[in-house]
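> This is the structure, below, for whatever I ask next.
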Amino acid sequence: MPNRRNAIAMVISAVMTASLALTGCSSGDGDGSSKNGTTTITFWQQKFEDYQQAWFKKQVDAFNAAQTKVKVNLQVVPADTWAQKLKAAQAAGSAPDVQTTNYGNINAAAANGELAELDGLLPASAFDDIKANVKSFVSANGKHYAYPMLVEPSTVLYYRTDLAQAAGLDPKSPPKTWAELITWAQKLTTSKVKGMTIASAAADLGWSSWGLQYNACGHLPVADDWSKANATDACYEQLLQFYKDLYQGGYMPKTPKVGYADGSPYGSGEVAMMAGGSWVVGQLKQTFPAMIAKTAVAPFPSMDGDATKPTATLGGWTLTVDAKSKSKQSAADFVNWLLAGDPSIMTDFFKASGYSKYTVRTSVDQALAGNADATSDPFMKVISDQVVPYGKQEPAYPWDIALAFGTAIESAMKNTASVPDALKKADSQINDVIKKQSLAGTQPQH
Amino acid sequence: MALLESARTGRLPAETVAHGKPRRRGKGRRDNLTAYLMIAPMAVLLGIFVMWPLAYSLYLSTFKISFYKDPQFVGLQFYQYVLESTDFWHSIWIGLYYALIVVPAGILIALFLASFIKTLSKRMAAFMKVTIYLPAVVSTVIASVLFTFMYQDEGVVNWILGLINKAPVAWLNDPDWALPAIAVPGIWLGFGITTLILLAALLDIPESYYESAMLDGAGFLQRLWYVTVPLLRNVLLYLFVTGFTLAIQMLDLPLIMTNGGPTGATSTPNFFIFNSFRDMTPYATSFSLTASLLLFAVLGLISVVIFRLIRSDKAVDG
Amino acid sequence: MSEPLVRKSAKAVLVALITISVMFPLAWMAIAGFKGREEVLRSPFQFFPDMWRWQNYADILRDGQFSRAMIVTFVGAVVFTVLSLVVNSMAAYAFARLEFTGKRFWWVYCIMPMFIPAMAILLTSFVVVTKLGMLNTMAVLIVPGVASAAQMFFLRQYYLNFPVAVEEAAMIDGANRWQIFTRVFLPQSAAPFVVVGIGSYLAYWNAYVWPILTITDPDLTQIMQFLGTFRSERGIDWGLLMAGSTLASLPTVVLLLVFQRYIVSGVRISGIK
């Protein structure tokens with residue numbers, strides 16, 4: 001008896017585990033499936049500020065309620081797992097129909113055939129509404145692969161007017177050159193408060209310094225046709241020296257608690273000035289409202305004081321439709337409704353952002369012009385008049401190049417290499433990337 | 001792959017570990033059917049959820065991966081790219097360095113604590129068994145944040161340095177200090193389970209062994225070295241092998257505390273792979289996949305060495 | 001036999017020191033849950049909040065998603081732990097105590113997964129579970145990780161330590177291998193089972209990336225997925241995150257309290273000195 005029972009138990013346990021693997025019944029994501037004439041599409045939104053999630057949810061609900069042809073299934077995906085989740089889904093052939101894509105990724109994704117061409121799917125008038133300088137951001141080889149949602153300058157100077165006053169500085173005339181900025185940082189540094197905060201880790205420097213790379217040299221550390229590196233140009237030495245002076249001078253916190261994109265050290269009063277993206281305006285308004293009255297913004301200083309040189313890149317989000325989507329038209333209809341339709345939908349978004357992001361559509365600009373809230377916002381005026389017009393497009397080259405240059409800045413800041421050596425190393429790394437990834441001649445053609 | 005290769009030729013590491021001591025009675029006796037049924041669930045599950053994906057990954061690594069266009073066959077080109085990458089080798093070195101700090105220190109602390117808990121009264125021991133394990137309950141994310149706070153310019157650690165008149169150190173931003181600094185939470189998070197494992201093993205050593213050693217006049221350290229350590233060999237092998245494989249693969253601490261910096265000083269292999277993976281290009285996908293497969297080879301080799309160093313092929317005779 | 005007072009108090013001091021160094025971070029986490037969103041970050045370091053706010057804890061406890069995530073994750077973790085103990089202990093016994101054809105091959109086969117970095121098979125295991133139709137089920141969270149090389153390895157090392165004599169005695173009594181496993185080895189496995197079982201439980205409980213990849217159904221949202229909603233690159237709701245993490249760690253602490261008493265001597269049984 002015991003023998004038989006044991007044998008049975010063994011077989012059962014073996015079979016049970018094997019079968020468990022197979023019994024998982026899938027409820028499915030319903031990608032592009034049609035039921036009773038309703039097409040369901042999935043939409044992945046990369047998680048950002050809380051109000052963005054709230055806004056997307058509100059609008060998707062409104063869209064779903066307003067009609068029965070298309071049902072949008074919104075999923076919020078955390079940024080730290082975005083690449084893993086998206087690539088895994090692509091590998092399994094279950095990528096979302098619509099997704100958020102930032103400007104920098106459009107060129108590579110289009111070249112790899114991941115994005116559906118939008119020209120036939122959205123009305124031409126939708127593209128006509130996009131401001132001239134942004135049009136090239138979303139196109140490759142003369143075709144549109146994304147519909148832009150917003151731009152946000154990567155680098156703006158925030159400073160505390162009360163502390164400036166106390167240090168004998170004139171809050172009405174913020175620093176215009178890098179040298180002046182260092183003087184300010186020095187004067188504002190006390191035993192409790194550091195004068196300045198700016199990115200200091202390679203991964204943050206890689207992208208947040210693009211605007212200043214343009215500012216220093218008028219170009220990025222790669223030749224226009226992506227055939228070779230340009231990182232050893234003398235002008236970059238000044239850029240690295242500037243970062244180095246800020247760090248080695250002891251004017252900034254040496255061990256930052258959070259990344260560049262998070263403005264909370266400034267918000268909680270640990271630093272008197274901050275280089276930060278325009279989005280920090282939104283964070284201050286939401287989380288640190290007490291700081292608003294004591295804060296002023298200005299364009300980030302230029303190397304030589306020329307305020308017309310770029311200091312920031314214009315990053316931001318677009319929506320793209322997957323090339324393998326089974327319901328491209330429905331997906332595009334949703335994008336059209338949300339981003340290119342009634343201007344009041346987007347003005348609602350910019351309002352929610354505390355006017356910390358900027359529209360890319362002429363019609364939305366006009367709608368905002370009639371909005372007292374928007375026109376009276378002091379931060380918005382400075383940023384949209386003095387920063388956005390000179391802002392540059394984010395580079396479309398692979399991240400490895402940006403990271404190599406970010407590492408060069410970090411090495412200089414932390415004294416692990418001399419300025420020229422750091423640039424030399426970045427130069428050879430960039431050339432290596434160009435060679436291995438066969439980049440020469442693959443730069444975006446608009 | 002080294003391990004597959006060794007399986008086929010039947011040399012490393014199987015030779016050193018696979019055989020139990022030949023039984024005194026029933027030598028040569030085989031229990032094929034029972035054994036196969038007992039390993040079947042594990043073997044089947046691993047086959048479906050590890051070996052199949054692994055084979056698929058090996059296959060994919062010979063392509064420039066694209067899920068939209070026809071992937072381009074490139075043979076072993078990406079293996080060459082990874083092996084040529086100084087950053088990859090640097091990250092392996094960082095991983096080893098980190099493991100060399102965390103694993104021996106962790107095991108030593110745990111051995112000490114376990115010996116200590118063993119001497120406590122029942123109630124105290126019960127209390128300690130729970131307390132000691134509590135850090136593991138906190139997720140790595142929270143631990144990273146907390147230690148980042150303690151390492152701040154004006155954090156607790158620098159405050160203590162101030163008491164002995166030492167200048168503050170930028171712990172997480174000084175290339176020499178960053179790795180040891182993130183190793184501390186690494187040890188803190190891991191020593192709970194290590195202590196419990198060692199405690200369970202220590203409690204198995206009959207008191208009589210110690211009594212006779214004491215009669216021979218052995219001191220605490222001698223007893224530890226001549227009685228405890230040899231009897232813990234099987235458990236120590238486990239702790240070293242898993243400790244090293246886990247430590248070299250550390251990702252969360254450098255990711256949250258230092259972002260791999262300063263200037264790559266905490267760029268562990270998995271951080272390096274994770275970072276290359278973040279770029280959305282087909283090149284990045286292939287490169288990071290290949291790098292992770294090569295890391296697999298490195299980890300396998302290291303464990304073969306450990307298996308050789310600590311022979312643990314015997315059932316201990318009572 | 002009472003210990004000398006000096007030694008006793010030295011022990012008490014040591015216990016206190018260890019407890020403080022271990023508890024300090026946990027206490028900080030729990031207390032930070034009472035702080036405001038920006039207060040947690042404040043520098044210089046401050047242990048107690050300006051004002052004790054119950055808001056964060058109350059908000060999370062009121063959130064139906066939190067309690068559902070806790071329950072779903074707990075059930076998954078328990079099933080996962082039990083299944084993995086069953087599967088891995090059987091294999092561990094076979095490798096520690098049985099002789100069979102192809103043992104070397106199967107040993108390498110079963111131990112190798114320990115050295116495979118997660119990233120090496122992340123994309124392809126997702127493809128596999130998708131092909132098996134497992135997305136959005138509890139099975140996708142539980143089954144792929146049940147067979148664990150590390151756990152099997154640990155139990156094998158433990159079983160290697162079992163005295164041969166016990167096994168031989170049982171065989172003389174006519175027990176077969178399976179009976180020896182279930183009647184001799186399993187009853188003596190409480191301590192190692194608790195140690196690795198808690199490890200498995202925590203591995204399941206703290207899983208973050210895999211649930212995000214495979215679960216989109218809000219009813220199956222796992223606890224770390226839920227806590228992840230408080231974090232983003234542009235600002236983290238520290239107070240909520242800390243309060244949520246504190247609450248999420250409670251079930252594990254309770255389990256520890258319940259099971260710690262099994263970590264005691266017990267393997268070397270009768271017949272062995």
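We label chains A, B, ... in the order they appear in the structure tokens, count residues from 1 in each chain, and number ligands from 1 in the order shown.
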Determine, counting only C-alpha atoms, which protein, DNA and RNA residues have an atom within 7 Å of an atom of range 150-153 of chain C; residues of the same chain fewer than 4 positions away are not included. Present the result as a list in words.
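Returned residues: Thr242 of chain B; Asn88, Ser89, Ala91, Ala92, Met114, Gln157 and Val196 of chain C.
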> Can you list, as a PyMOL selection string, every residue of range 50-175 of chain C that DSSP puts in helix (DSSP H, G or I)?
chain C and resi 55-62+64-97+103-115+118-131+138-146+149-160+164-172
> With only C-alpha atoms as the basis for distance, which of C:Ser245, C:Ser67, C:Thr216, C:Gln222 is at the shortest distance from chain A?
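The shortest atom-to-atom distance to chain A comes from C:Thr216.
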> Can you pull out every residue within 10 Å of Glu39 in chain C, counting only C-alpha atoms, but drop anything in the same chain fewer than 3 positions away, and send it as a PDB file with C-alpha atoms, in the first residue's frame?

```pdb
ATOM      1  CA  SER A 268      13.903  72.458  -0.085  1.00  0.00           C
TER       2      SER A 268
ATOM      3  CA  ALA C  32       9.714  59.049   7.466  1.00  0.00           C
ATOM      4  CA  PHE C  34       4.935  60.434   8.946  1.00  0.00           C
ATOM      5  CA  LYS C  35       6.739  63.224   7.134  1.00  0.00           C
ATOM      6  CA  GLY C  36       5.576  65.498   4.395  1.00  0.00           C
ATOM      7  CA  ARG C  42      15.572  67.778   4.157  1.00  0.00           C
ATOM      8  CA  SER C  43      19.171  68.422   5.001  1.00  0.00           C
ATOM      9  CA  GLN C  46      16.496  65.018  10.865  1.00  0.00           C
ATOM     10  CA  PRO C  49       9.113  64.871  11.678  1.00  0.00           C
ATOM     11  CA  ASP C  50       8.191  68.447  12.563  1.00  0.00           C
ATOM     12  CA  TRP C 238       8.965  60.245  -0.272  1.00  0.00           C
ATOM     13  CA  GLY C 239       6.467  60.302   2.558  1.00  0.00           C
TER      14      GLY C 239
END
```
> With a distance cut-off of 12 Å and only C-alpha atoms, select the neighbouring residues of Arg361 in chain A, excluding the residue or stretch itself and same-chain residues fewer than 3 positions from it, and output the selection as a compact mmCIF listing (two decimals) with C-alpha atoms, in the first residue's frame.

```txt
# COMPACT_ATOMS: atom_id res chain seq x y z
CA SER A 125 -3.87 70.20 -41.49
CA ALA A 126 -2.64 68.58 -38.28
CA PHE A 127 0.93 68.82 -39.49
CA ASP A 128 0.46 72.35 -40.79
CA ASP A 129 -0.37 73.42 -37.26
CA ILE A 130 3.07 72.33 -35.93
CA LYS A 131 5.48 75.24 -35.48
CA ALA A 132 8.16 75.43 -38.12
CA ASN A 133 11.14 74.80 -35.85
CA VAL A 134 9.59 71.67 -34.34
CA LYS A 135 8.47 70.08 -37.61
CA TYR A 147 3.06 63.85 -33.50
CA PRO A 148 4.67 66.26 -31.02
CA MET A 149 3.03 67.06 -27.73
CA LEU A 150 5.28 69.61 -26.06
CA VAL A 151 8.77 70.94 -25.78
CA LEU A 339 -2.72 66.10 -29.63
CA ALA A 340 -3.87 67.68 -32.87
CA GLY A 341 -7.57 68.22 -32.20
CA ASP A 342 -9.45 70.76 -30.12
CA PRO A 343 -6.78 73.20 -28.77
CA SER A 344 -8.54 73.27 -25.40
CA MET A 346 -3.80 70.76 -24.88
CA THR A 347 -4.31 74.09 -23.09
CA TYR A 358 5.59 74.68 -24.12
CA VAL A 364 -2.68 76.16 -29.04
CA ASP A 365 -0.42 79.19 -28.73
CA GLN A 366 -3.33 81.36 -29.86
CA ALA A 367 -5.65 79.69 -27.38
CA LEU A 368 -3.14 80.28 -24.59
```
> What are the nearest atom pairs, with distances in Å to one decimal, for all residues of chain B that come at most 9 Å from chain A, using only C-alpha atoms, set out by chain and rising residue number as a tab-separated table?

```
residue	atom	partner	partner_atom	distance
B:Thr34	CA	A:Met10	CA	8.9
B:Leu37	CA	A:Ala14	CA	7.0
B:Met38	CA	A:Met10	CA	7.5
B:Ile39	CA	A:Ala14	CA	8.7
B:Ala40	CA	A:Ala14	CA	6.4
B:Pro41	CA	A:Ala14	CA	5.0
B:Met42	CA	A:Thr17	CA	8.4
B:Val44	CA	A:Ala18	CA	6.7
B:Leu45	CA	A:Ala18	CA	6.8
B:Ile48	CA	A:Ala21	CA	8.5
B:Ser66	CA	A:Asn112	CA	7.3
B:Phe67	CA	A:Ala91	CA	5.8
B:Tyr68	CA	A:Gly113	CA	5.8
B:Lys69	CA	A:Gly113	CA	6.5
B:Tyr81	CA	A:Lys436	CA	7.8
B:Val145	CA	A:Lys257	CA	8.1
B:Thr148	CA	A:Lys257	CA	6.6
B:Phe149	CA	A:Lys257	CA	7.1
B:Tyr151	CA	A:Thr255	CA	7.6
B:Gln152	CA	A:Thr255	CA	5.7
B:Asp153	CA	A:Thr255	CA	6.4
B:Ala170	CA	A:Lys254	CA	5.9
B:Trp171	CA	A:Thr255	CA	7.4
B:Leu172	CA	A:Thr255	CA	6.1
B:Asn173	CA	A:Thr255	CA	5.9
B:Asp174	CA	A:Lys414	CA	7.4
B:Pro175	CA	A:Thr416	CA	7.9
B:Ile256	CA	A:Val258	CA	8.8
B:Met257	CA	A:Lys257	CA	8.1
B:Thr258	CA	A:Ala201	CA	7.8
B:Asn259	CA	A:Ala201	CA	7.0
B:Gly260	CA	A:Ala201	CA	8.4
B:Gly261	CA	A:Ala201	CA	6.3
B:Pro262	CA	A:Ala201	CA	6.6
B:Thr263	CA	A:Ser411	CA	5.8
B:Gly264	CA	A:Thr407	CA	8.2
B:Asn275	CA	A:Ala203	CA	9.0
B:Ser276	CA	A:Asp400	CA	7.6
B:Phe277	CA	A:Ala83	CA	7.3
B:Arg278	CA	A:Ala83	CA	5.5
B:Asp279	CA	A:Trp399	CA	6.0
B:Met280	CA	A:Ala83	CA	7.0
B:Thr281	CA	A:Ala108	CA	6.3
B:Pro282	CA	A:Asn112	CA	7.6
B:Tyr283	CA	A:Gln437	CA	6.8
B:Ala284	CA	A:Pro398	CA	8.7
B:Thr285	CA	A:Lys87	CA	8.3
```
> Residues of the last selection are to be written out with C-alpha atoms, as a compact mmCIF listing (two decimals), in the first residue's frame.

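Generated file (again.txt):
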```txt
# COMPACT_ATOMS: atom_id res chain seq x y z
CA THR B 34 13.50 7.40 -8.40
CA LEU B 37 11.31 11.33 -11.06
CA MET B 38 12.69 13.47 -8.27
CA ILE B 39 14.61 15.83 -10.51
CA ALA B 40 12.00 15.79 -13.26
CA PRO B 41 9.90 18.75 -12.03
CA MET B 42 12.96 20.90 -11.61
CA VAL B 44 11.30 20.39 -16.84
CA LEU B 45 10.68 23.83 -15.33
CA ILE B 48 10.98 25.69 -20.23
CA SER B 66 15.64 43.86 -34.97
CA PHE B 67 12.07 42.94 -34.28
CA TYR B 68 10.85 45.00 -37.22
CA LYS B 69 13.23 44.39 -40.06
CA TYR B 81 32.75 44.08 -29.71
CA VAL B 145 18.03 55.94 -0.35
CA THR B 148 22.64 57.94 0.35
CA PHE B 149 21.32 60.19 3.12
CA TYR B 151 26.69 59.68 3.12
CA GLN B 152 25.61 63.28 2.46
CA ASP B 153 28.09 66.12 2.91
CA ALA B 170 32.33 63.00 -0.50
CA TRP B 171 31.69 59.31 -0.04
CA LEU B 172 29.63 58.67 -3.11
CA ASN B 173 31.44 61.12 -5.33
CA ASP B 174 35.04 60.24 -4.63
CA PRO B 175 36.32 57.60 -7.06
CA ILE B 256 20.26 54.37 -7.25
CA MET B 257 23.15 55.60 -5.14
CA THR B 258 25.79 56.62 -7.67
CA ASN B 259 24.47 56.04 -11.18
CA GLY B 260 27.61 54.00 -11.79
CA GLY B 261 29.80 56.97 -10.99
CA PRO B 262 31.88 58.79 -10.17
CA THR B 263 33.45 58.25 -13.58
CA GLY B 264 32.55 54.59 -13.70
CA ASN B 275 22.97 51.16 -19.24
CA SER B 276 23.79 49.85 -22.72
CA PHE B 277 20.36 48.29 -22.87
CA ARG B 278 18.59 51.59 -22.25
CA ASP B 279 19.39 52.92 -25.69
CA MET B 280 16.57 51.99 -28.03
CA THR B 281 18.76 51.02 -31.03
CA PRO B 282 19.12 47.44 -32.35
CA TYR B 283 22.86 47.73 -31.77
CA ALA B 284 22.31 48.44 -28.07
CA THR B 285 19.97 45.48 -27.69
```
> Write out as a PyMOL selection string the residues lying within 12 Å of Phe154 in chain C, counting only C-alpha atoms and excluding same-chain residues fewer than 2 positions away.
(chain B and resi 194+197-198+201+234-242) or (chain C and resi 85+88-89+91-93+95-96+111+114+148-152+156-161+189+191-193+195-197+199)
> Kindly provide the residues of chain C that approach chain B to within 6 Å, each paired with its closest atom pair and their distance in Å to one decimal, based on only C-alpha atoms, listed by chain and increasing number, as CSV.

```
residue,atom,partner,partner_atom,distance
C:Pro44,CA,B:Glu154,CA,6.0
C:Val87,CA,B:Met42,CA,5.9
C:Met90,CA,B:Met38,CA,5.2
C:Ala91,CA,B:Ile39,CA,4.4
C:Ala94,CA,B:Ala35,CA,5.3
C:Glu99,CA,B:Arg30,CA,5.0
C:Phe100,CA,B:Asn32,CA,4.8
C:Arg104,CA,B:Ala14,CA,5.3
C:Phe105,CA,B:Ala7,CA,5.4
C:Phe115,CA,B:Phe296,CA,5.6
C:Ile116,CA,B:Phe296,CA,5.1
C:Ala120,CA,B:Ser292,CA,5.0
C:Ile121,CA,B:Pro53,CA,5.6
C:Thr124,CA,B:Pro53,CA,4.8
C:Ser125,CA,B:Pro53,CA,5.1
C:Pro144,CA,B:Phe49,CA,5.5
C:Ala147,CA,B:Met42,CA,5.2
C:Gln157,CA,B:Asn234,CA,5.3
C:Leu160,CA,B:Ala315,CA,4.4
C:Asn161,CA,B:Val316,CA,5.2
C:Pro163,CA,B:Gly318,CA,5.1
C:Ile263,CA,B:Ala200,CA,5.9
C:Ser265,CA,B:Leu203,CA,4.7
C:Ile272,CA,B:Gly318,CA,5.9
```
> Output the contact residues of chain C with respect to chain A at a cut-off of 7 Å, based on only C-alpha atoms, as JSON, numbers by chain.
{"C": [38, 42, 123, 126, 127, 130, 132, 133, 134, 135, 136, 137, 139, 143, 209, 213, 232, 233, 234, 235]}
> Write the selection just made, keeping C-alpha atoms, as an mmCIF file, in the first residue's frame?

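That gives us result02.cif:
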```
data_model
loop_
_atom_site.group_PDB
_atom_site.id
_atom_site.type_symbol
_atom_site.label_atom_id
_atom_site.label_comp_id
_atom_site.auth_asym_id
_atom_site.auth_seq_id
_atom_site.Cartn_x
_atom_site.Cartn_y
_atom_site.Cartn_z
ATOM 1 C CA GLU C 38 9.583 67.257 0.843
ATOM 2 C CA ARG C 42 15.572 67.778 4.157
ATOM 3 C CA LEU C 123 13.558 39.348 -23.417
ATOM 4 C CA PHE C 126 9.099 37.110 -21.948
ATOM 5 C CA VAL C 127 8.697 35.709 -25.458
ATOM 6 C CA THR C 130 3.850 35.076 -24.123
ATOM 7 C CA LEU C 132 2.595 29.892 -23.555
ATOM 8 C CA GLY C 133 -0.279 32.335 -23.113
ATOM 9 C CA MET C 134 0.692 33.036 -19.528
ATOM 10 C CA LEU C 135 0.562 36.851 -19.532
ATOM 11 C CA ASN C 136 -1.709 38.376 -16.917
ATOM 12 C CA THR C 137 -2.077 35.242 -14.829
ATOM 13 C CA ALA C 139 1.050 31.465 -13.116
ATOM 14 C CA VAL C 143 5.850 29.187 -12.172
ATOM 15 C CA VAL C 209 10.663 44.238 -13.191
ATOM 16 C CA LEU C 213 6.585 43.168 -17.841
ATOM 17 C CA SER C 232 9.519 58.910 -10.952
ATOM 18 C CA GLU C 233 12.590 60.646 -12.261
ATOM 19 C CA ARG C 234 10.976 63.994 -11.678
ATOM 20 C CA GLY C 235 10.160 63.968 -8.054
#
```
> Need to verify the contact set: Tyr97 in chain B, 12 Å, only C-alpha atoms, exclusion of same-chain residues closer than 6 positions in sequence. Can you return it as a list in words?
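Residues meeting the cut-off are His90, Ser91, Val103, Pro104, Ala178, Leu179, Pro180, Ile182, Ala183, Phe244, Ala247, Ile248, Gln249, Met250, Ala265, Thr266, Ser267, Thr268 and Pro269 of chain B.
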> Just the selected residues (N, CA and C atoms), exported as an mmCIF file, in the first residue's frame, please.

```cif
data_model
loop_
_atom_site.group_PDB
_atom_site.id
_atom_site.type_symbol
_atom_site.label_atom_id
_atom_site.label_comp_id
_atom_site.auth_asym_id
_atom_site.auth_seq_id
_atom_site.Cartn_x
_atom_site.Cartn_y
_atom_site.Cartn_z
ATOM 1 N N HIS B 90 36.331 46.715 -17.450
ATOM 2 C CA HIS B 90 36.367 47.546 -16.250
ATOM 3 C C HIS B 90 35.222 47.161 -15.316
ATOM 4 N N SER B 91 34.030 46.949 -15.897
ATOM 5 C CA SER B 91 32.880 46.626 -15.058
ATOM 6 C C SER B 91 33.057 45.255 -14.397
ATOM 7 N N VAL B 103 31.548 39.804 0.074
ATOM 8 C CA VAL B 103 31.348 38.393 0.424
ATOM 9 C C VAL B 103 32.164 37.972 1.649
ATOM 10 N N PRO B 104 33.492 38.152 1.653
ATOM 11 C CA PRO B 104 34.221 37.724 2.855
ATOM 12 C C PRO B 104 33.788 38.494 4.095
ATOM 13 N N ALA B 178 33.777 55.524 -3.425
ATOM 14 C CA ALA B 178 32.396 55.207 -3.798
ATOM 15 C C ALA B 178 32.096 53.716 -3.692
ATOM 16 N N LEU B 179 33.000 52.872 -4.183
ATOM 17 C CA LEU B 179 32.686 51.449 -4.173
ATOM 18 C C LEU B 179 32.620 50.877 -2.752
ATOM 19 N N PRO B 180 33.649 51.143 -1.915
ATOM 20 C CA PRO B 180 33.497 50.698 -0.526
ATOM 21 C C PRO B 180 32.227 51.259 0.123
ATOM 22 N N ILE B 182 29.299 51.923 -1.260
ATOM 23 C CA ILE B 182 28.071 51.194 -1.595
ATOM 24 C C ILE B 182 28.156 49.735 -1.156
ATOM 25 N N ALA B 183 29.369 49.272 -0.834
ATOM 26 C CA ALA B 183 29.488 47.903 -0.342
ATOM 27 C C ALA B 183 28.885 47.776 1.055
ATOM 28 N N PHE B 244 29.203 35.256 -4.287
ATOM 29 C CA PHE B 244 29.928 35.849 -5.407
ATOM 30 C C PHE B 244 29.019 36.086 -6.603
ATOM 31 N N ALA B 247 26.805 39.043 -5.704
ATOM 32 C CA ALA B 247 27.494 40.317 -5.518
ATOM 33 C C ALA B 247 27.967 40.871 -6.859
ATOM 34 N N ILE B 248 28.539 40.016 -7.691
ATOM 35 C CA ILE B 248 29.028 40.517 -8.977
ATOM 36 C C ILE B 248 27.864 41.062 -9.801
ATOM 37 N N GLN B 249 26.690 40.504 -9.566
ATOM 38 C CA GLN B 249 25.532 40.957 -10.353
ATOM 39 C C GLN B 249 24.784 42.128 -9.714
ATOM 40 N N MET B 250 25.334 42.757 -8.699
ATOM 41 C CA MET B 250 24.631 43.855 -8.035
ATOM 42 C C MET B 250 24.271 44.964 -9.023
ATOM 43 N N ALA B 265 33.339 54.445 -11.380
ATOM 44 C CA ALA B 265 33.953 53.735 -10.259
ATOM 45 C C ALA B 265 33.023 52.696 -9.636
ATOM 46 N N THR B 266 31.725 52.803 -9.867
ATOM 47 C CA THR B 266 30.804 51.804 -9.333
ATOM 48 C C THR B 266 29.994 51.151 -10.450
ATOM 49 N N SER B 267 30.583 51.143 -11.648
ATOM 50 C CA SER B 267 29.869 50.574 -12.785
ATOM 51 C C SER B 267 30.020 49.059 -12.767
ATOM 52 N N THR B 268 29.132 48.376 -12.059
ATOM 53 C CA THR B 268 29.170 46.919 -11.981
ATOM 54 C C THR B 268 28.743 46.330 -13.323
ATOM 55 N N PRO B 269 29.028 45.053 -13.571
ATOM 56 C CA PRO B 269 28.675 44.473 -14.873
ATOM 57 C C PRO B 269 27.206 44.674 -15.227
#
```
> Work out how far apart CA of Thr42 in chain A and CA of Ala116 in chain A are and give it in Å to one decimal.
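Between CA of Thr42 in chain A and CA of Ala116 in chain A the gap works out to 15.1 Å.
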> Using DSSP on the backbone coordinates, identify the residues of range 153-304 of chain A assigned to strand (DSSP E or B); present them as a short mmCIF file (atom, residue, chain, number, x, y, z; two decimals) with N, CA and C atoms, in the first residue's frame.

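Wrote states11.cif, looks like this:
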```cif
data_model
loop_
_atom_site.label_atom_id
_atom_site.label_comp_id
_atom_site.auth_asym_id
_atom_site.auth_seq_id
_atom_site.Cartn_x
_atom_site.Cartn_y
_atom_site.Cartn_z
N PRO A 153 12.59 73.07 -22.42
CA PRO A 153 14.03 73.33 -22.46
C PRO A 153 14.72 72.56 -21.33
N VAL A 156 17.60 75.73 -17.63
CA VAL A 156 17.21 77.09 -17.31
C VAL A 156 17.87 77.40 -15.97
N LEU A 157 18.15 78.67 -15.71
CA LEU A 157 18.73 79.01 -14.41
C LEU A 157 17.63 79.45 -13.45
N TYR A 158 17.57 78.80 -12.31
CA TYR A 158 16.66 79.19 -11.23
C TYR A 158 17.51 79.82 -10.13
N TYR A 159 17.06 80.91 -9.57
CA TYR A 159 17.84 81.45 -8.46
C TYR A 159 16.95 82.10 -7.42
N ARG A 160 17.47 82.14 -6.19
CA ARG A 160 16.74 82.67 -5.06
C ARG A 160 16.98 84.17 -4.98
N THR A 177 27.28 85.53 -17.98
CA THR A 177 28.37 84.70 -18.51
C THR A 177 28.70 83.61 -17.50
N LYS A 194 24.50 75.75 -0.40
CA LYS A 194 25.47 75.78 -1.49
C LYS A 194 25.00 76.76 -2.55
N THR A 197 23.51 74.18 -7.99
CA THR A 197 23.51 72.75 -8.28
C THR A 197 23.33 72.55 -9.78
N VAL A 222 30.33 65.81 -32.56
CA VAL A 222 30.35 64.89 -33.69
C VAL A 222 30.19 65.74 -34.96
N ALA A 229 34.42 62.13 -34.68
CA ALA A 229 34.23 62.88 -33.45
C ALA A 229 34.89 64.25 -33.56
N VAL A 271 20.12 74.75 -1.93
CA VAL A 271 21.00 75.48 -2.85
C VAL A 271 20.34 76.79 -3.24
N MET A 273 21.05 78.45 -6.25
CA MET A 273 20.78 78.50 -7.68
C MET A 273 20.74 77.07 -8.20
N MET A 274 20.05 76.91 -9.31
CA MET A 274 19.96 75.56 -9.86
C MET A 274 19.88 75.64 -11.38
N ALA A 275 20.65 74.76 -12.02
CA ALA A 275 20.41 74.52 -13.44
C ALA A 275 19.37 73.43 -13.48
N GLY A 276 18.26 73.69 -14.14
CA GLY A 276 17.21 72.68 -14.17
C GLY A 276 16.37 72.83 -15.41
N THR A 295 11.69 82.97 -5.99
CA THR A 295 12.43 82.39 -7.11
C THR A 295 12.28 83.24 -8.37
N ALA A 296 13.38 83.37 -9.10
CA ALA A 296 13.30 83.96 -10.44
C ALA A 296 13.98 83.01 -11.40
N VAL A 297 13.57 83.04 -12.66
CA VAL A 297 14.26 82.23 -13.66
C VAL A 297 14.90 83.15 -14.68
N ALA A 298 15.96 82.64 -15.29
CA ALA A 298 16.66 83.38 -16.34
C ALA A 298 17.23 82.36 -17.30
N PRO A 299 17.51 82.79 -18.53
CA PRO A 299 18.21 81.85 -19.41
C PRO A 299 19.52 81.45 -18.76
N SER A 302 25.51 82.28 -20.86
CA SER A 302 26.20 81.85 -22.06
C SER A 302 27.70 81.99 -21.81
#
```
